[in-house]
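Source file: query_20.csv; contents: CSV, C-alpha atoms.
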chain,number,residue,atom,x,y,z
Q,24,MET,CA,-10.4,-29.6,-1.5
Q,25,THR,CA,-13.7,-29.8,-3.3
Q,26,ASP,CA,-15.2,-27.0,-5.3
Q,27,THR,CA,-17.9,-26.4,-2.7
Q,28,LYS,CA,-15.4,-26.1,0.1
Q,29,LEU,CA,-13.3,-23.8,-2.0
Q,30,TYR,CA,-16.4,-21.7,-2.7
Q,31,LEU,CA,-17.2,-21.4,1.0
Q,32,LEU,CA,-13.6,-20.6,1.8
Q,33,SER,CA,-13.6,-17.9,-0.9
Q,34,LYS,CA,-16.8,-16.5,0.6
Q,35,LYS,CA,-15.1,-16.2,4.0
Q,36,ILE,CA,-11.9,-14.7,2.7
Q,37,HIS,CA,-13.9,-12.2,0.5
Q,38,ARG,CA,-16.0,-11.1,3.6
Q,39,ILE,CA,-12.8,-10.5,5.6
Q,40,CYS,CA,-11.2,-8.6,2.7
Q,41,VAL,CA,-14.3,-6.4,2.4
Q,42,LEU,CA,-13.9,-5.3,6.0
Q,43,ILE,CA,-10.1,-4.6,5.7
Q,44,ILE,CA,-10.5,-2.8,2.4
Q,45,THR,CA,-13.1,-0.5,3.9
Q,46,ALA,CA,-10.5,0.8,6.4
Q,47,LEU,CA,-7.8,0.9,3.7
Q,48,THR,CA,-10.0,2.8,1.2
Q,49,PHE,CA,-10.7,5.4,3.9
Q,50,PHE,CA,-7.0,6.2,4.2
Q,51,MET,CA,-6.1,5.8,0.6
Q,52,ALA,CA,-8.9,7.9,-0.8
Q,53,GLY,CA,-8.3,10.6,1.9
Q,54,THR,CA,-4.6,10.8,1.3
Q,55,GLY,CA,-4.9,10.4,-2.4
Q,56,SER,CA,-7.4,13.3,-2.6
Q,57,TYR,CA,-5.1,15.4,-0.4
Q,58,LEU,CA,-2.2,14.7,-2.8
Q,59,LYS,CA,-4.0,15.1,-6.0
Q,60,PHE,CA,-6.4,18.1,-5.4
Q,61,THR,CA,-5.0,21.4,-4.1
Q,62,PHE,CA,-8.3,22.5,-2.7
Q,63,VAL,CA,-8.3,19.5,-0.4
Q,64,SER,CA,-4.8,20.2,0.7
Q,65,THR,CA,-5.6,23.8,1.3
Q,66,LEU,CA,-8.6,22.8,3.4
Q,67,PHE,CA,-6.5,20.5,5.5
Q,68,SER,CA,-3.3,22.5,5.4
Q,69,PHE,CA,-2.7,21.7,9.1
Q,70,ILE,CA,-1.8,18.1,8.1
Q,71,ASP,CA,1.8,17.7,7.0
Q,72,PHE,CA,2.2,17.0,3.2
Q,73,GLY,CA,5.1,14.7,3.7
Q,74,LEU,CA,3.2,12.6,6.3
Q,75,VAL,CA,0.2,12.2,3.9
Q,76,ARG,CA,2.6,11.1,1.1
Q,77,THR,CA,4.3,8.6,3.4
Q,78,ILE,CA,1.1,7.0,4.5
Q,79,HIS,CA,-0.3,6.9,1.0
Q,80,SER,CA,2.9,5.4,-0.4
Q,81,ASN,CA,3.3,2.8,2.4
Q,82,LEU,CA,-0.3,1.6,2.5
Q,83,SER,CA,-0.6,1.2,-1.3
Q,84,PRO,CA,1.1,-2.2,-1.6
Q,85,LEU,CA,-1.2,-3.6,1.2
Q,86,PHE,CA,-4.2,-2.0,-0.4
Q,87,SER,CA,-3.4,-3.5,-3.8
Q,88,PHE,CA,-2.8,-7.0,-2.3
Q,89,VAL,CA,-6.1,-7.1,-0.3
Q,90,LEU,CA,-8.0,-5.7,-3.3
Q,91,ALA,CA,-6.4,-8.4,-5.6
Q,92,VAL,CA,-7.4,-11.2,-3.1
Q,93,MET,CA,-10.9,-9.7,-2.9
Q,94,VAL,CA,-11.2,-9.6,-6.7
Q,95,ILE,CA,-10.0,-13.2,-7.1
Q,96,THR,CA,-12.3,-14.6,-4.5
Q,97,GLY,CA,-15.1,-12.5,-5.9
Q,98,ILE,CA,-14.6,-13.7,-9.4
Q,99,TYR,CA,-14.5,-17.3,-8.2
Q,100,MET,CA,-17.8,-16.9,-6.3
Q,101,TYR,CA,-19.3,-15.2,-9.4
Q,102,VAL,CA,-18.2,-17.9,-11.8
Q,103,PHE,CA,-18.8,-20.9,-9.5
Q,104,PRO,CA,-22.6,-21.2,-9.9
Q,105,TYR,CA,-22.4,-21.1,-13.7
Q,106,VAL,CA,-19.6,-23.8,-13.8
Q,107,ARG,CA,-21.5,-25.9,-11.3
Q,108,ARG,CA,-24.7,-25.7,-13.4
Q,109,LYS,CA,-22.9,-27.3,-16.3
S,12,MET,CA,-20.1,-15.1,10.2
S,13,LYS,CA,-18.8,-14.3,13.7
S,14,LYS,CA,-15.3,-15.5,12.9
S,15,GLU,CA,-15.2,-13.5,9.8
S,16,LEU,CA,-16.2,-10.4,11.7
S,17,ILE,CA,-13.5,-11.0,14.3
S,18,TYR,CA,-10.8,-11.5,11.6
S,19,GLY,CA,-12.1,-8.5,9.7
S,20,THR,CA,-12.0,-6.3,12.8
S,21,MET,CA,-8.5,-7.5,13.5
S,22,GLY,CA,-7.5,-6.5,10.0
S,23,ILE,CA,-9.0,-3.0,10.5
S,24,VAL,CA,-7.0,-2.7,13.8
S,25,LEU,CA,-3.9,-3.8,11.9
S,26,VAL,CA,-4.4,-1.1,9.3
S,27,LEU,CA,-4.8,1.5,12.0
S,28,ALA,CA,-1.7,0.2,13.7
S,29,LEU,CA,0.2,0.4,10.4
S,30,VAL,CA,-0.9,4.0,9.8
S,31,LEU,CA,0.2,4.9,13.3
S,32,PHE,CA,3.5,3.1,12.8
S,33,PHE,CA,4.2,5.0,9.5
S,34,SER,CA,3.3,8.3,11.1
S,35,LEU,CA,5.7,7.7,14.0
S,36,GLN,CA,8.4,6.6,11.5
S,37,TYR,CA,7.9,9.8,9.5
S,38,GLY,CA,8.0,11.9,12.7
S,39,ASN,CA,11.3,10.3,13.7
S,40,GLN,CA,12.8,10.8,10.2
S,41,THR,CA,11.7,14.4,10.1
S,42,SER,CA,13.3,15.2,13.5
S,43,GLN,CA,16.5,13.5,12.4
S,44,ASN,CA,16.5,15.6,9.2
S,45,GLN,CA,16.0,18.7,11.2
S,46,GLN,CA,18.9,17.8,13.6
S,47,ALA,CA,21.1,17.1,10.7
S,48,GLN,CA,20.4,20.4,9.1
S,49,ALA,CA,20.9,22.3,12.4
S,50,VAL,CA,24.5,21.1,12.5
S,51,PRO,CA,26.6,23.6,10.5
S,52,ASN,CA,27.4,22.0,7.2
S,53,ALA,CA,30.9,20.7,8.0
S,54,ALA,CA,31.5,19.8,4.3
S,55,ILE,CA,31.8,23.5,3.5
S,56,SER,CA,35.1,23.5,5.4
S,57,THR,CA,36.5,20.9,2.8
S,58,ILE,CA,36.0,23.4,0.0
S,59,PRO,CA,39.5,24.4,-1.2
S,60,THR,CA,40.5,28.0,-0.5
S,61,GLY,CA,40.3,30.3,-3.4
S,62,THR,CA,36.9,29.0,-4.6
S,63,GLN,CA,34.9,29.7,-1.5
S,64,THR,CA,33.1,33.0,-0.9
S,65,ALA,CA,31.1,32.0,2.1
S,66,THR,CA,30.4,34.7,4.8
S,67,THR,CA,31.0,34.0,8.4
S,68,SER,CA,27.3,34.1,9.1
S,69,GLY,CA,27.1,30.9,7.0
S,70,THR,CA,24.8,32.1,4.4
S,71,ALA,CA,25.0,29.1,2.0
S,72,SER,CA,23.7,31.0,-1.0
S,73,THR,CA,26.8,33.1,-1.2
S,74,THR,CA,29.1,30.1,-1.5
S,75,SER,CA,30.5,29.4,-4.9
S,76,ILE,CA,31.5,25.8,-5.6
S,77,THR,CA,33.1,24.1,-8.5
S,78,THR,CA,32.0,20.8,-10.1
S,79,SER,CA,35.2,19.1,-9.0
S,80,VAL,CA,34.3,19.9,-5.4
S,81,VAL,CA,30.8,18.5,-5.9
S,82,ALA,CA,32.3,15.4,-7.4
S,83,GLU,CA,34.2,14.7,-4.2
S,84,HIS,CA,30.9,14.4,-2.3
S,85,ASN,CA,29.7,11.3,-4.2
S,86,THR,CA,28.7,8.7,-1.5
S,87,GLN,CA,25.5,7.9,0.3
S,88,THR,CA,26.9,9.3,3.6
S,89,ASP,CA,28.2,12.5,1.9
S,90,CYS,CA,26.0,13.3,-1.0
S,91,TRP,CA,25.9,16.5,-2.9
S,92,PHE,CA,24.4,17.2,-6.3
S,93,ILE,CA,23.7,20.1,-8.7
S,94,VAL,CA,20.3,21.2,-9.7
S,95,ASN,CA,19.7,24.3,-11.9
S,96,GLY,CA,23.2,25.8,-11.2
S,97,LYS,CA,23.0,25.3,-7.4
S,98,VAL,CA,24.6,22.8,-5.2
S,99,TYR,CA,22.6,20.9,-2.6
S,100,ASN,CA,23.7,18.5,0.3
S,101,MET,CA,21.1,15.8,0.1
S,102,THR,CA,22.6,13.4,2.7
S,103,PRO,CA,19.9,14.0,5.3
S,104,PHE,CA,17.1,13.6,2.8
S,105,ILE,CA,18.2,10.3,1.1
S,106,ALA,CA,16.2,8.1,3.4
S,107,SER,CA,13.1,10.3,3.2
S,108,HIS,CA,13.0,10.7,-0.6
S,109,PRO,CA,9.5,9.5,-1.8
S,110,GLY,CA,11.0,8.2,-5.0
S,111,GLY,CA,13.4,6.0,-3.1
S,112,GLU,CA,17.0,6.3,-2.0
S,113,GLN,CA,18.6,5.1,-5.2
S,114,ALA,CA,17.1,8.0,-7.2
S,115,ILE,CA,19.3,10.4,-5.2
S,116,ILE,CA,22.3,8.1,-4.6
S,117,SER,CA,22.7,7.6,-8.4
S,118,PHE,CA,23.3,11.4,-8.8
S,119,CYS,CA,25.7,12.0,-5.8
S,120,GLY,CA,28.6,14.1,-6.9
S,121,LYS,CA,26.9,14.8,-10.3
S,122,ASP,CA,24.6,17.2,-12.1
S,123,ALA,CA,21.0,16.1,-11.4
S,124,THR,CA,19.3,19.0,-13.2
S,125,GLN,CA,17.8,17.0,-16.1
S,126,ALA,CA,16.6,14.2,-13.9
S,127,TYR,CA,15.1,16.6,-11.4
S,128,ASN,CA,13.3,18.7,-14.1
S,129,THR,CA,12.1,15.8,-16.1
S,130,LYS,CA,10.9,13.3,-13.4
S,131,LYS,CA,8.1,11.3,-14.9
S,132,GLY,CA,7.9,13.7,-17.7
S,133,VAL,CA,6.7,16.7,-15.7
S,134,GLY,CA,9.4,17.4,-13.1
S,135,HIS,CA,9.2,17.8,-9.4
S,136,SER,CA,6.4,19.8,-7.8
S,137,ALA,CA,6.7,23.4,-6.5
S,138,ARG,CA,6.5,21.9,-3.0
S,139,ALA,CA,9.5,19.6,-3.7
S,140,THR,CA,11.4,22.6,-5.0
S,141,GLN,CA,10.6,24.5,-1.9
S,142,MET,CA,11.9,21.6,0.2
S,143,LEU,CA,15.0,21.3,-1.9
S,144,GLY,CA,15.9,24.9,-0.9
S,145,ASN,CA,16.4,23.6,2.7
S,146,PHE,CA,19.5,21.7,1.5
S,147,LEU,CA,21.2,24.4,-0.4
S,148,VAL,CA,25.0,24.6,0.0
S,149,GLY,CA,25.8,27.3,-2.6
S,150,GLU,CA,26.0,28.3,-6.2
S,151,LEU,CA,27.9,26.5,-8.8
S,152,THR,CA,30.8,28.1,-10.5
S,153,LYS,CA,31.7,26.6,-13.9
S,154,THR,CA,35.5,27.2,-13.6
S,155,GLN,CA,37.4,24.1,-12.4
Kindly transcribe the structure held in the file into structure tokens.
Amino acid sequence: MTDTKLYLLSKKIHRICVLIITALTFFMAGTGSYLKFTFVSTLFSFIDFGLVRTIHSNLSPLFSFVLAVMVITGIYMYVFPYVRRK
Amino acid sequence: MKKELIYGTMGIVLVLALVLFFSLQYGNQTSQNQQAQAVPNAAISTIPTGTQTATTSGTASTTSITTSVVAEHNTQTDCWFIVNGKVYNMTPFIASHPGGEQAIISFCGKDATQAYNTKKGVGHSARATQMLGNFLVGELTKTQ
């Protein structure tokens, strides 16, 4: 695969990851805030603490993986123009 | 661009489906735990006579249990441990433990006080301690 094709593929993967990470961030940030800050858990006391913890715990590996893929493709897209110029 | 949007949307739907799946799984586990706790603790009947002081109303907090009795309940399917001088039957909670099953299984039949109080250097939360109370079997007596 040529560098240009790899660049274009990275772009596509990065765009897809951005959309997925948006949804994941919504849940991770929400559940993380609930677990970390008592004023948030007091405000949303109708939501079960155990459920929030379960969702946060089970989504975190997927969140990390998608973020890692996004970072790697992002770094490649960032570096590619400089390398190509040389 | 269109394809990326479709794949991204599918990814979002997958995330929502996963959240729903984990919520349902948690709901099932919680109802199973509640059913397990509703059944009178049959293990109390295995406590040797002479050491038991349980009332007929089944108030677990009045039951005195020795360490040798706790040591008999040392399997994943029958797991008791000691925390801060009290005995707890953790069998229904093993699968739901946020820190993993092995964290509880490794202390079945033993004193887990230090591990419980020093988890990650700060110990368990007040909420965890409140939940632990639901699994109380009785008080520990030091005499064998």
**Report entry** Within-12 Å shell of (5.8, 10.5, 11.2) in input frame, only C-alpha atoms, as a list of chain:residue names
**Finding:** Q:Ile70, Q:Asp71, Q:Phe72, Q:Gly73, Q:Leu74, Q:Val75, Q:Arg76, Q:Thr77, Q:Ile78, Q:Asn81, S:Leu29, S:Val30, S:Leu31, S:Phe32, S:Phe33, S:Ser34, S:Leu35, S:Gln36, S:Tyr37, S:Gly38, S:Asn39, S:Gln40, S:Thr41, S:Ser42, S:Gln43, S:Ser107
Export, as a CSV table (one decimal), keeping the file's coordinate frame, the selected residues with C-alpha atoms.
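Saved to result_29.csv:
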chain,number,residue,atom,x,y,z
Q,70,ILE,CA,-1.8,18.1,8.1
Q,71,ASP,CA,1.8,17.7,7.0
Q,72,PHE,CA,2.2,17.0,3.2
Q,73,GLY,CA,5.1,14.7,3.7
Q,74,LEU,CA,3.2,12.6,6.3
Q,75,VAL,CA,0.2,12.2,3.9
Q,76,ARG,CA,2.6,11.1,1.1
Q,77,THR,CA,4.3,8.6,3.4
Q,78,ILE,CA,1.1,7.0,4.5
Q,81,ASN,CA,3.3,2.8,2.4
S,29,LEU,CA,0.2,0.4,10.4
S,30,VAL,CA,-0.9,4.0,9.8
S,31,LEU,CA,0.2,4.9,13.3
S,32,PHE,CA,3.5,3.1,12.8
S,33,PHE,CA,4.2,5.0,9.5
S,34,SER,CA,3.3,8.3,11.1
S,35,LEU,CA,5.7,7.7,14.0
S,36,GLN,CA,8.4,6.6,11.5
S,37,TYR,CA,7.9,9.8,9.5
S,38,GLY,CA,8.0,11.9,12.7
S,39,ASN,CA,11.3,10.3,13.7
S,40,GLN,CA,12.8,10.8,10.2
S,41,THR,CA,11.7,14.4,10.1
S,42,SER,CA,13.3,15.2,13.5
S,43,GLN,CA,16.5,13.5,12.4
S,107,SER,CA,13.1,10.3,3.2
Query raised in the report: What residues in chain Q lie within 6 Å of chain S, counting all atoms listed in the file, written as a PyMOL selection string?
Result: chain Q and resi 39+42-43+46
Report summary line: A straight line from atom CA of S:Tyr127 to atom CA of S:Thr102 spans 16.3 Å
Requested in this report: Determine, counting all atoms listed in the file, which protein, DNA and RNA residues have an atom within 9 Å of an atom of Q:Met100; residues of the same chain fewer than 6 positions away are not included. Present the result as a PyMOL selection string.
Outcome: chain Q and resi 30-31+33-34
Requested in this report: Kindly give the distance, in Å, that separates atom CA of Q:His79 and atom CA of S:Asn128, rounded to a single decimal.
Outcome: 23.5 Å
**Report entry** atom CA of Q:Met51 to atom CA of Q:Met93, distance in Å rounded to a single decimal
**Finding:**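 Between these atoms lies a distance of 16.6 Å.
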**Report entry** Selection as a list in words: residues within 12 Å of (31.5, 6.4, -1.7), counting only C-alpha atoms
**Finding:** Ala82, Glu83, His84, Asn85, Thr86, Gln87, Thr88, Asp89, Cys90, Trp91, Ile116, Ser117, Phe118, Cys119 and Gly120 of chain S
Query raised in the report: Restricting the calculation to only C-alpha atoms, which member of Q:Ala52, Q:Ala91, Q:Val106, Q:Leu47 is positioned closest to S:Ala28?
Result: Q:Leu47
Query raised in the report: Which of these, S:Val94, S:Ala106, S:Val81, S:Leu143, has the shortest distance to S:Thr129 once you count only C-alpha atoms?
Result: S:Val94
Produce the centre coordinates and the three edge lengths, each in Å to one decimal, of the box along x, y and z that contains all listed atoms of stretch 142-153 of chain S with 4 Å added on each side, as AutoDock Vina command-line options.
--center_x 21.8 --center_y 24.8 --center_z -5.6 --size_x 27.8 --size_y 15.0 --size_z 24.6
Query - For Q:Thr96: contacts at 10 Å, only C-alpha atoms, fewer than 2 positions along chain excluded, given as an NGL selection string - result: :Q and (29-30 or 32-38 or 40 or 90-94 or 98-102)
